Amino acid sequence: MYKRQDPDAATGANLRRTPTRDLLTLDYAGIVNKTVGRYALTTTFGSQIVSDQSSVLSATGIGIGAPDVTLVNLLQRSVGGESFSENNSVGYFVQQQVGWNDRLFLTGAVRADDHSSFGTNFDLIVYPKFSVSYVLSDEPALQERLRSLKVNTFKFRSAWGQAGRAPGAFSAPQTYTVDRVTLGTATGSAIRTAAFGNPDLKPERGEELEVGADIAMFDERIGIDFTYYNKKTTDMLQAVSVPPSSGFISTQLTNLGAVRNSGIELGLTGKVIQRSNLSWDSRLNIATNTNELLSFGIPGRIVETPGGQAYGSVQQHRVGFPLGGYWVTPPLRAPDGSALLTTTGAAQFPLGDTARRYIGPSTPTLEWNWANTFTVFKYFRVYALLDAKRGHYIFNLQERNRCQAANDNCARVNDPRARFPQTAADTVLFKELAVYRSTSVSPEWIEPADFIKLRELSISMDLPQRLLRATKASTASFTISGRNLAIWSDYSGVDPEVNSYGGRNFVRVDAYAMPMMRRWTAAMNLTF
Amino acid sequence: MTTPIRSRRRRLASLALGVLAIGTATACNDFLQAENPGAVEVQDVSNPAYVGLIANGPIFGFQQAWTDMTYWNAQFTDELFNRAVFVEEGQIDRRELFSDMTYINAFIYAPMQRARFLGEDGARRLKSLLGDTATRDLRVARALAYEGYSYIALGETMCTTPINVGRPKTSPEMFADAITRFQEAITIAQASRTFLSAQTPVNSNALLATDSVLNFARVGAARAALNRNDRAQASTFASAVPATFDFRAYYSDNTTGQRNRVFERLTLGSNAFMLNTPFLAMAGDPRVPRAAAPAARANTPLAPSSYSTFSNTVAGADFAPIMSVRLASGLEARYIVAEAAGPTQATLAFVNERRAAGLQAPVTFTGDELMAELRDQRSRDFYLDGHRLGDLRRYRQFYNVDLFPKGPYPGTTSGQVYNESITCWPLPINEINGNPNVGG
């Protein structure tokens, strides 16, 4: 609530919001275990019923007449709002696991789901899955060999399975709604179009193959986890443009084409130093991801523009490329690389979608983080975490706006060499001014967003028991930690990790977004 | 012996629970029918209880779309100059338009397409629900008239316009379709008038409402015919409209969505001004007022005065979000008659009448000079009310008079120029991507 303190200030408002969620679940699971010789058989079956209703009741009063009277209905203008969504689902599953000699496990399962958000033309969906794991280090024939290689544990695993994601509530039916209409001096109600709907709507189906191994070596001082994954998502749920000539201003949730995500995940853990007065534990995680749109599922469709892009559409979905990749039209240039200008001095950009060029993906293709913990004399601990993301790009809208002709407020435009050219190189810079100032988005504004961050650094100290005797505490520790302490990046903005429109699918843009804040924390923990 | 019996009972109980759970889930198909209290499913719209709401749909759609379209078309033409830092606003001002500009769909095209559909859909549903009386029901006539105006708005604004995910229609085709709607609206309104006149006692308010819709449709038909350069038909429709006729789009402060968007845009951080437009020089004309202070808003057409066609100019009140906008009028009908007639003595008399309204001395122009003056007076009388783009396109196409801004963009430091090749809005990417009948 914002009360009026100053008679010249805004008159204040009282905003109320009451969210309610009713989540009812009914789960039934049965397990049957049976052992036949060397085989352990486990059958699991059951069903799951979920009813999830969410509603938000809000009321806003604007204009506090008397500072002591703040009830919404007593303010100068009051408006109310209500939203509601409901998702109901029913699922059944049965799973059979066969274990052999407690080291080889085979599992097969089937799950069937029906959901209230499926279209009327679609019924329930069935997802199968299979997995195998084999603890090679428990295999007598291999134990000697693995021991000679200092391998303590070696587990191979592989899984194939399908899973789904249900559409959002009320996505399937075509609907109208009621809105307010001004009729002379009165307000009435009018019916208008709302959701375009999709009676064929079904869940997104993901099919994933995963192969990996978990290895522990040198008396468990070295650990290696490796996984290769290849996931193909079909019937991808995607909001696509509804042609406005249909009379509906909305997007339509549609099962579209296919996307592949593949990559590796590697985890390395090590107890590098283990002494009585010093230990060093380290963990390195590396993950790669390659994203590719395989098809739209619509004959002839090769491009779709994600909605919600402000100030120019620079991201597109194109078959054969990552979803939401950056596609921008470069300006016309002479063989020497200088911008070709019109007679009035404006940069020239070819028209049409075919003139766009691929710049790069909007999501990282490589991520790694490296965590280290040093313990000195058992009482002091130093923890440091480095975090990196690479291979992706970001639209630096902030700097682009500053360089716009109307603002002329960026370093590139105000570079004296460009403003007052003396040499041939300066003349090239001068021509670049027209590119920077142009309202067309040139590739220069799509910048690599690679970075390495010192994500966290903390120092902890446990107080020795003898120092605690005077108090009644059983343990005590003191910690100072800092987050986002340093960044190494070639990005010309403040922080390449920001996204001004993070809530919009695929859209990635730095438009005056607040960077990740540096934060220091001091904490004292006492246990009694 | 007791342990095995207990165990068997437990198993039986578990099994019974499982069967019950699965059975419940299987039996409850209704459980999977989630109800949405915020929507009416399409098959339920044609409910007799919704007749009033269906009839209001076209009014809602058109009033909301018209005010936004008016503001952005004012920048597209010479009515407003925009020095905003927002990239797309400058591009619109210079007519550097691309299909993937978000503003085209959000503020120009999609809302008016919805208005068109609500008129078409509303008229169709009303005819079905009202049965035989639909041929004399004013609500059907009104829906058709609003539909006709949405065809005019799209035809005057867009380069081409697909209807119901069909092939793109040219502007002349759109105007022809508009006339068809207006003619049907006129027929129904006249039948309504005949029916009401035969009642005893005569409901005079109902008759006034009927005449209002009738003349609304006549002005629309005349406007569409003039845009097709069918001056005889335009004059025929316009001549039947009383000089005092006035039909408005209404706005309200009741909710944000009901406010006059021209007011919203000009007062809430807008960067649109009269600067660098021919209207800046019309300072003495009360039909094209502008603020003198504060300095930051100088030459912005807002409070305390407002546009000549906005309702509270008459009352002398401040520019406000609740101001209605004149959609059609006897004044417009007279302009149409004069333009269709050409440089006649009647046209000269009309021009001098309008000059007097603008505190200007009478003139004795003839020929092209008189028609140029008629165009000038029209630009003042209909400033910022959604006529200018259609007028400029018509002048360019049929009279070889190009009044679109051209040449270097005022204040440019990077060689920006008005894009003289563009005089209409391209289809937005949403239509191009989603409509198989539109070539990419």
# chains A, B, ... in the order shown; residues from 1 in each chain; ligands from 1
$ residues_around --residues "B:Arg167" --least-positions-apart "3" --cutoff "8 Å" --atoms "only C-alpha atoms" --output "PyMOL selection string"
chain B and resi 161-163+437-438
$ write_last_selection --atoms "all heavy atoms" --output "PDB file, in the first residue's frame"
ATOM      1  N   THR B 161      -5.169  -6.520 -47.810  1.00  0.00           N
ATOM      2  CA  THR B 161      -5.801  -7.054 -46.600  1.00  0.00           C
ATOM      3  C   THR B 161      -6.461  -8.402 -46.893  1.00  0.00           C
ATOM      4  O   THR B 161      -7.438  -8.458 -47.642  1.00  0.00           O
ATOM      5  CB  THR B 161      -6.887  -6.095 -46.078  1.00  0.00           C
ATOM      6  OG1 THR B 161      -6.339  -4.774 -45.978  1.00  0.00           O
ATOM      7  CG2 THR B 161      -7.410  -6.531 -44.731  1.00  0.00           C
ATOM      8  N   PRO B 162      -5.949  -9.476 -46.300  1.00  0.00           N
ATOM      9  CA  PRO B 162      -6.669 -10.754 -46.422  1.00  0.00           C
ATOM     10  C   PRO B 162      -7.892 -10.750 -45.502  1.00  0.00           C
ATOM     11  O   PRO B 162      -7.880 -10.105 -44.453  1.00  0.00           O
ATOM     12  CB  PRO B 162      -5.655 -11.791 -45.936  1.00  0.00           C
ATOM     13  CG  PRO B 162      -4.381 -11.064 -45.731  1.00  0.00           C
ATOM     14  CD  PRO B 162      -4.711  -9.626 -45.546  1.00  0.00           C
ATOM     15  N   ILE B 163      -8.907 -11.454 -45.908  1.00  0.00           N
ATOM     16  CA  ILE B 163     -10.104 -11.583 -45.080  1.00  0.00           C
ATOM     17  C   ILE B 163     -10.272 -13.055 -44.731  1.00  0.00           C
ATOM     18  O   ILE B 163     -10.245 -13.915 -45.612  1.00  0.00           O
ATOM     19  CB  ILE B 163     -11.355 -11.088 -45.839  1.00  0.00           C
ATOM     20  CG1 ILE B 163     -11.184  -9.633 -46.272  1.00  0.00           C
ATOM     21  CG2 ILE B 163     -12.620 -11.271 -44.996  1.00  0.00           C
ATOM     22  CD1 ILE B 163     -11.049  -8.640 -45.142  1.00  0.00           C
ATOM     23  N   ASN B 437      -2.375 -18.315 -47.760  1.00  0.00           N
ATOM     24  CA  ASN B 437      -2.753 -17.623 -49.000  1.00  0.00           C
ATOM     25  C   ASN B 437      -1.992 -16.318 -49.223  1.00  0.00           C
ATOM     26  O   ASN B 437      -2.266 -15.588 -50.170  1.00  0.00           O
ATOM     27  CB  ASN B 437      -4.259 -17.339 -48.988  1.00  0.00           C
ATOM     28  CG  ASN B 437      -5.059 -18.619 -49.013  1.00  0.00           C
ATOM     29  OD1 ASN B 437      -4.878 -19.442 -49.909  1.00  0.00           O
ATOM     30  ND2 ASN B 437      -5.899 -18.826 -48.014  1.00  0.00           N
ATOM     31  N   VAL B 438      -1.067 -16.032 -48.308  1.00  0.00           N
ATOM     32  CA  VAL B 438      -0.235 -14.841 -48.470  1.00  0.00           C
ATOM     33  C   VAL B 438       1.161 -15.291 -48.834  1.00  0.00           C
ATOM     34  O   VAL B 438       1.779 -16.048 -48.094  1.00  0.00           O
ATOM     35  CB  VAL B 438      -0.183 -14.013 -47.169  1.00  0.00           C
ATOM     36  CG1 VAL B 438       0.756 -12.824 -47.332  1.00  0.00           C
ATOM     37  CG2 VAL B 438      -1.568 -13.537 -46.795  1.00  0.00           C
TER      38      VAL B 438
END
$ closest_atom_pairs --of "chain A" --to "chain B" --cutoff "6 Å" --atoms "only C-alpha atoms" --output "JSON lines"
{"residue": "A:Glu86", "atom": "CA", "partner": "B:Ala34", "partner_atom": "CA", "distance": 6.0}
{"residue": "A:Asn88", "atom": "CA", "partner": "B:Leu32", "partner_atom": "CA", "distance": 5.7}
{"residue": "A:Ser116", "atom": "CA", "partner": "B:Leu32", "partner_atom": "CA", "distance": 4.3}
{"residue": "A:Gln174", "atom": "CA", "partner": "B:Val42", "partner_atom": "CA", "distance": 5.7}
{"residue": "A:Thr175", "atom": "CA", "partner": "B:Glu41", "partner_atom": "CA", "distance": 4.3}
{"residue": "A:Tyr176", "atom": "CA", "partner": "B:Val40", "partner_atom": "CA", "distance": 5.1}
{"residue": "A:Thr177", "atom": "CA", "partner": "B:Ala39", "partner_atom": "CA", "distance": 4.6}
{"residue": "A:Val181", "atom": "CA", "partner": "B:Phe60", "partner_atom": "CA", "distance": 5.0}
{"residue": "A:Thr182", "atom": "CA", "partner": "B:Tyr251", "partner_atom": "CA", "distance": 5.7}
{"residue": "A:Gly184", "atom": "CA", "partner": "B:Tyr250", "partner_atom": "CA", "distance": 5.7}
{"residue": "A:Ser189", "atom": "CA", "partner": "B:Leu53", "partner_atom": "CA", "distance": 5.8}
{"residue": "A:Ala190", "atom": "CA", "partner": "B:Leu53", "partner_atom": "CA", "distance": 4.3}
{"residue": "A:Ile191", "atom": "CA", "partner": "B:Gly57", "partner_atom": "CA", "distance": 5.0}
{"residue": "A:Arg192", "atom": "CA", "partner": "B:Gly57", "partner_atom": "CA", "distance": 5.7}
{"residue": "A:Ser241", "atom": "CA", "partner": "B:Asn430", "partner_atom": "CA", "distance": 5.2}
{"residue": "A:Val242", "atom": "CA", "partner": "B:Gly434", "partner_atom": "CA", "distance": 5.7}
{"residue": "A:Pro243", "atom": "CA", "partner": "B:Glu431", "partner_atom": "CA", "distance": 4.3}
{"residue": "A:Pro244", "atom": "CA", "partner": "B:Ala110", "partner_atom": "CA", "distance": 5.1}
{"residue": "A:Ser245", "atom": "CA", "partner": "B:Asn164", "partner_atom": "CA", "distance": 4.9}
{"residue": "A:Ser246", "atom": "CA", "partner": "B:Asn164", "partner_atom": "CA", "distance": 4.6}
{"residue": "A:Gly247", "atom": "CA", "partner": "B:Arg114", "partner_atom": "CA", "distance": 4.2}
{"residue": "A:Thr344", "atom": "CA", "partner": "B:Gly415", "partner_atom": "CA", "distance": 4.6}
{"residue": "A:Gly345", "atom": "CA", "partner": "B:Gly415", "partner_atom": "CA", "distance": 4.5}
{"residue": "A:Ala346", "atom": "CA", "partner": "B:Gly415", "partner_atom": "CA", "distance": 4.6}
{"residue": "A:Ala434", "atom": "CA", "partner": "B:Ser414", "partner_atom": "CA", "distance": 5.7}
$ write_last_selection --atoms "C-alpha atoms" --output "mmCIF file, in the first residue's frame"
data_model
loop_
_atom_site.group_PDB
_atom_site.id
_atom_site.type_symbol
_atom_site.label_atom_id
_atom_site.label_comp_id
_atom_site.auth_asym_id
_atom_site.auth_seq_id
_atom_site.Cartn_x
_atom_site.Cartn_y
_atom_site.Cartn_z
ATOM 1 C CA GLU A 86 -7.651 -25.644 -13.862
ATOM 2 C CA ASN A 88 -6.835 -32.189 -14.229
ATOM 3 C CA SER A 116 -7.883 -31.852 -19.325
ATOM 4 C CA GLN A 174 -11.675 -21.937 -29.199
ATOM 5 C CA THR A 175 -13.235 -19.327 -26.969
ATOM 6 C CA TYR A 176 -14.840 -15.930 -26.807
ATOM 7 C CA THR A 177 -14.915 -13.761 -23.753
ATOM 8 C CA VAL A 181 -17.593 -1.445 -24.081
ATOM 9 C CA THR A 182 -18.330 2.268 -23.815
ATOM 10 C CA GLY A 184 -22.212 6.775 -24.942
ATOM 11 C CA SER A 189 -20.673 -5.712 -22.002
ATOM 12 C CA ALA A 190 -19.612 -7.044 -25.364
ATOM 13 C CA ILE A 191 -18.561 -10.424 -26.597
ATOM 14 C CA ARG A 192 -15.208 -10.661 -28.338
ATOM 15 C CA SER A 241 1.123 -16.727 -34.920
ATOM 16 C CA VAL A 242 -2.560 -16.810 -35.594
ATOM 17 C CA PRO A 243 -3.230 -14.804 -38.743
ATOM 18 C CA PRO A 244 -5.136 -11.765 -37.454
ATOM 19 C CA SER A 245 -7.437 -11.934 -40.470
ATOM 20 C CA SER A 246 -9.046 -14.851 -38.612
ATOM 21 C CA GLY A 247 -10.417 -12.304 -36.141
ATOM 22 C CA THR A 344 22.206 11.436 -48.093
ATOM 23 C CA GLY A 345 24.708 9.580 -45.940
ATOM 24 C CA ALA A 346 22.527 6.751 -44.630
ATOM 25 C CA ALA A 434 25.853 5.710 -40.230
#
$ atom_distance --atom1 "atom CA of A:Thr329" --atom2 "atom CA of A:Asp353"
8.3 Å
$ closest_atom_pairs --of "stretch 195-301 of chain B" --to "stretch 354-368 of chain B" --cutoff "9 Å" --atoms "only C-alpha atoms" --output "JSON lines"
{"residue": "B:Gly284", "atom": "CA", "partner": "B:Leu359", "partner_atom": "CA", "distance": 7.3}
{"residue": "B:Asp285", "atom": "CA", "partner": "B:Gly358", "partner_atom": "CA", "distance": 4.6}
{"residue": "B:Pro286", "atom": "CA", "partner": "B:Gly358", "partner_atom": "CA", "distance": 6.1}
{"residue": "B:Arg287", "atom": "CA", "partner": "B:Gly358", "partner_atom": "CA", "distance": 6.4}
{"residue": "B:Val288", "atom": "CA", "partner": "B:Gly358", "partner_atom": "CA", "distance": 8.8}
$ write_last_selection --atoms "N, CA and C atoms" --output "mmCIF file, in the first residue's frame"
data_model
loop_
_atom_site.group_PDB
_atom_site.id
_atom_site.type_symbol
_atom_site.label_atom_id
_atom_site.label_comp_id
_atom_site.auth_asym_id
_atom_site.auth_seq_id
_atom_site.Cartn_x
_atom_site.Cartn_y
_atom_site.Cartn_z
ATOM 1 N N GLY B 284 -3.573 29.818 -35.683
ATOM 2 C CA GLY B 284 -4.746 30.610 -35.307
ATOM 3 C C GLY B 284 -6.065 29.878 -35.462
ATOM 4 N N ASP B 285 -6.017 28.684 -35.978
ATOM 5 C CA ASP B 285 -7.253 27.950 -36.268
ATOM 6 C C ASP B 285 -7.674 27.119 -35.058
ATOM 7 N N PRO B 286 -8.840 27.415 -34.464
ATOM 8 C CA PRO B 286 -9.246 26.656 -33.267
ATOM 9 C C PRO B 286 -9.495 25.167 -33.548
ATOM 10 N N ARG B 287 -9.545 24.796 -34.817
ATOM 11 C CA ARG B 287 -9.765 23.374 -35.132
ATOM 12 C C ARG B 287 -8.490 22.540 -34.992
ATOM 13 N N VAL B 288 -7.339 23.201 -34.951
ATOM 14 C CA VAL B 288 -6.071 22.463 -34.802
ATOM 15 C C VAL B 288 -5.268 23.068 -33.646
#
$ residues_around --residues "B:Phe81" --least-positions-apart "6" --cutoff "9 Å" --atoms "only C-alpha atoms" --output "PyMOL selection string"
chain B and resi 74-75+90+93+271-277
$ closest_residue --among "A:Glu207, A:Asp179, A:Asp219, A:Glu304" --to "A:Arg260" --atoms "only C-alpha atoms"
A:Glu207
$ residues_around --residues "A:Asn401" --least-positions-apart "3" --cutoff "12 Å" --atoms "only C-alpha atoms" --output "PyMOL selection string"
(chain A and resi 311-312+395-398+404-410+413+436-441+445+510-512) or (chain B and resi 84-88)
$ closest_residue --among "B:Asp137, B:Glu420, B:Glu332, B:Asp132" --to "B:Pro405" --atoms "only C-alpha atoms"
B:Glu420
$ select_by_dssp --residues "stretch 77-228 of chain A" --states "alpha helix (DSSP H)" --output "list of chain:residue names"
A:Pro140, A:Ala141, A:Leu142, A:Gln143, A:Glu144, A:Arg145, A:Leu146, A:Arg147, A:Ser148
$ write_last_selection --atoms "N, CA and C atoms" --output "PDB file, in the first residue's frame"
ATOM      1  N   PRO A 140      32.776 -60.805 -10.847  1.00  0.00           N
ATOM      2  CA  PRO A 140      34.002 -61.487 -10.399  1.00  0.00           C
ATOM      3  C   PRO A 140      35.077 -61.581 -11.473  1.00  0.00           C
ATOM      4  N   ALA A 141      34.684 -61.798 -12.721  1.00  0.00           N
ATOM      5  CA  ALA A 141      35.673 -61.974 -13.785  1.00  0.00           C
ATOM      6  C   ALA A 141      36.447 -60.690 -14.064  1.00  0.00           C
ATOM      7  N   LEU A 142      35.891 -59.538 -13.677  1.00  0.00           N
ATOM      8  CA  LEU A 142      36.545 -58.260 -13.994  1.00  0.00           C
ATOM      9  C   LEU A 142      37.193 -57.613 -12.781  1.00  0.00           C
ATOM     10  N   GLN A 143      36.873 -58.144 -11.609  1.00  0.00           N
ATOM     11  CA  GLN A 143      37.318 -57.459 -10.390  1.00  0.00           C
ATOM     12  C   GLN A 143      38.834 -57.343 -10.308  1.00  0.00           C
ATOM     13  N   GLU A 144      39.548 -58.423 -10.673  1.00  0.00           N
ATOM     14  CA  GLU A 144      41.002 -58.398 -10.591  1.00  0.00           C
ATOM     15  C   GLU A 144      41.590 -57.333 -11.506  1.00  0.00           C
ATOM     16  N   ARG A 145      41.067 -57.329 -12.733  1.00  0.00           N
ATOM     17  CA  ARG A 145      41.558 -56.381 -13.740  1.00  0.00           C
ATOM     18  C   ARG A 145      41.295 -54.920 -13.300  1.00  0.00           C
ATOM     19  N   LEU A 146      40.092 -54.663 -12.792  1.00  0.00           N
ATOM     20  CA  LEU A 146      39.741 -53.306 -12.354  1.00  0.00           C
ATOM     21  C   LEU A 146      40.571 -52.877 -11.153  1.00  0.00           C
ATOM     22  N   ARG A 147      40.831 -53.855 -10.266  1.00  0.00           N
ATOM     23  CA  ARG A 147      41.653 -53.515  -9.097  1.00  0.00           C
ATOM     24  C   ARG A 147      43.051 -53.080  -9.533  1.00  0.00           C
ATOM     25  N   SER A 148      43.601 -53.781 -10.558  1.00  0.00           N
ATOM     26  CA  SER A 148      44.943 -53.417 -11.031  1.00  0.00           C
ATOM     27  C   SER A 148      44.962 -52.019 -11.647  1.00  0.00           C
TER      28      SER A 148
END
$ decode --residues "stretch 194-203 of chain B" --atoms "all heavy atoms" --output "mmCIF file, in the first residue's frame"
data_model
loop_
_atom_site.group_PDB
_atom_site.id
_atom_site.type_symbol
_atom_site.label_atom_id
_atom_site.label_comp_id
_atom_site.auth_asym_id
_atom_site.auth_seq_id
_atom_site.Cartn_x
_atom_site.Cartn_y
_atom_site.Cartn_z
ATOM 1 N N THR B 194 -39.320 1.900 -41.152
ATOM 2 C CA THR B 194 -40.687 1.689 -41.633
ATOM 3 C C THR B 194 -41.515 0.976 -40.567
ATOM 4 O O THR B 194 -42.662 1.348 -40.275
ATOM 5 C CB THR B 194 -40.660 0.853 -42.930
ATOM 6 O OG1 THR B 194 -39.840 1.519 -43.874
ATOM 7 C CG2 THR B 194 -42.060 0.661 -43.495
ATOM 8 N N PHE B 195 -40.928 -0.033 -39.969
ATOM 9 C CA PHE B 195 -41.631 -0.804 -38.943
ATOM 10 C C PHE B 195 -41.948 0.072 -37.733
ATOM 11 O O PHE B 195 -43.073 0.076 -37.226
ATOM 12 C CB PHE B 195 -40.769 -2.003 -38.527
ATOM 13 C CG PHE B 195 -41.344 -2.792 -37.389
ATOM 14 C CD1 PHE B 195 -42.391 -3.690 -37.602
ATOM 15 C CD2 PHE B 195 -40.855 -2.647 -36.088
ATOM 16 C CE1 PHE B 195 -42.927 -4.411 -36.542
ATOM 17 C CE2 PHE B 195 -41.394 -3.361 -35.037
ATOM 18 C CZ PHE B 195 -42.428 -4.255 -35.262
ATOM 19 N N LEU B 196 -40.943 0.827 -37.283
ATOM 20 C CA LEU B 196 -41.144 1.670 -36.089
ATOM 21 C C LEU B 196 -42.175 2.777 -36.357
ATOM 22 O O LEU B 196 -42.969 3.121 -35.475
ATOM 23 C CB LEU B 196 -39.815 2.297 -35.659
ATOM 24 C CG LEU B 196 -38.784 1.342 -35.050
ATOM 25 C CD1 LEU B 196 -37.436 2.032 -34.916
ATOM 26 C CD2 LEU B 196 -39.259 0.832 -33.693
ATOM 27 N N SER B 197 -42.146 3.304 -37.554
ATOM 28 C CA SER B 197 -43.077 4.387 -37.885
ATOM 29 C C SER B 197 -44.524 3.904 -37.880
ATOM 30 O O SER B 197 -45.456 4.693 -37.653
ATOM 31 C CB SER B 197 -42.747 4.966 -39.268
ATOM 32 O OG SER B 197 -41.438 5.473 -39.270
ATOM 33 N N ALA B 198 -44.712 2.604 -38.132
ATOM 34 C CA ALA B 198 -46.073 2.054 -38.193
ATOM 35 C C ALA B 198 -46.618 1.705 -36.815
ATOM 36 O O ALA B 198 -47.782 1.316 -36.677
ATOM 37 C CB ALA B 198 -46.080 0.821 -39.092
ATOM 38 N N GLN B 199 -45.753 1.777 -35.797
ATOM 39 C CA GLN B 199 -46.201 1.429 -34.447
ATOM 40 C C GLN B 199 -46.967 2.590 -33.817
ATOM 41 O O GLN B 199 -46.758 3.748 -34.169
ATOM 42 C CB GLN B 199 -45.002 1.078 -33.554
ATOM 43 C CG GLN B 199 -44.132 -0.034 -34.094
ATOM 44 C CD GLN B 199 -44.883 -1.328 -34.305
ATOM 45 O OE1 GLN B 199 -45.479 -1.873 -33.383
ATOM 46 N NE2 GLN B 199 -44.892 -1.823 -35.547
ATOM 47 N N THR B 200 -47.862 2.264 -32.920
ATOM 48 C CA THR B 200 -48.605 3.296 -32.194
ATOM 49 C C THR B 200 -48.448 3.024 -30.685
ATOM 50 O O THR B 200 -48.790 1.919 -30.227
ATOM 51 C CB THR B 200 -50.097 3.257 -32.543
ATOM 52 O OG1 THR B 200 -50.225 3.309 -33.967
ATOM 53 C CG2 THR B 200 -50.813 4.437 -31.922
ATOM 54 N N PRO B 201 -47.980 3.982 -29.891
ATOM 55 C CA PRO B 201 -47.439 5.254 -30.354
ATOM 56 C C PRO B 201 -46.053 5.077 -30.960
ATOM 57 O O PRO B 201 -45.390 4.067 -30.691
ATOM 58 C CB PRO B 201 -47.378 6.086 -29.074
ATOM 59 C CG PRO B 201 -47.139 5.077 -27.992
ATOM 60 C CD PRO B 201 -47.891 3.848 -28.416
ATOM 61 N N VAL B 202 -45.602 6.017 -31.701
ATOM 62 C CA VAL B 202 -44.267 5.944 -32.317
ATOM 63 C C VAL B 202 -43.205 6.201 -31.249
ATOM 64 O O VAL B 202 -43.329 7.153 -30.467
ATOM 65 C CB VAL B 202 -44.150 6.989 -33.455
ATOM 66 C CG1 VAL B 202 -42.721 7.037 -33.972
ATOM 67 C CG2 VAL B 202 -45.118 6.655 -34.578
ATOM 68 N N ASN B 203 -42.223 5.337 -31.226
ATOM 69 C CA ASN B 203 -41.109 5.505 -30.282
ATOM 70 C C ASN B 203 -40.076 6.420 -30.935
ATOM 71 O O ASN B 203 -39.279 5.987 -31.770
ATOM 72 C CB ASN B 203 -40.511 4.123 -29.959
ATOM 73 C CG ASN B 203 -39.417 4.217 -28.914
ATOM 74 O OD1 ASN B 203 -38.790 5.265 -28.761
ATOM 75 N ND2 ASN B 203 -39.203 3.121 -28.205
#
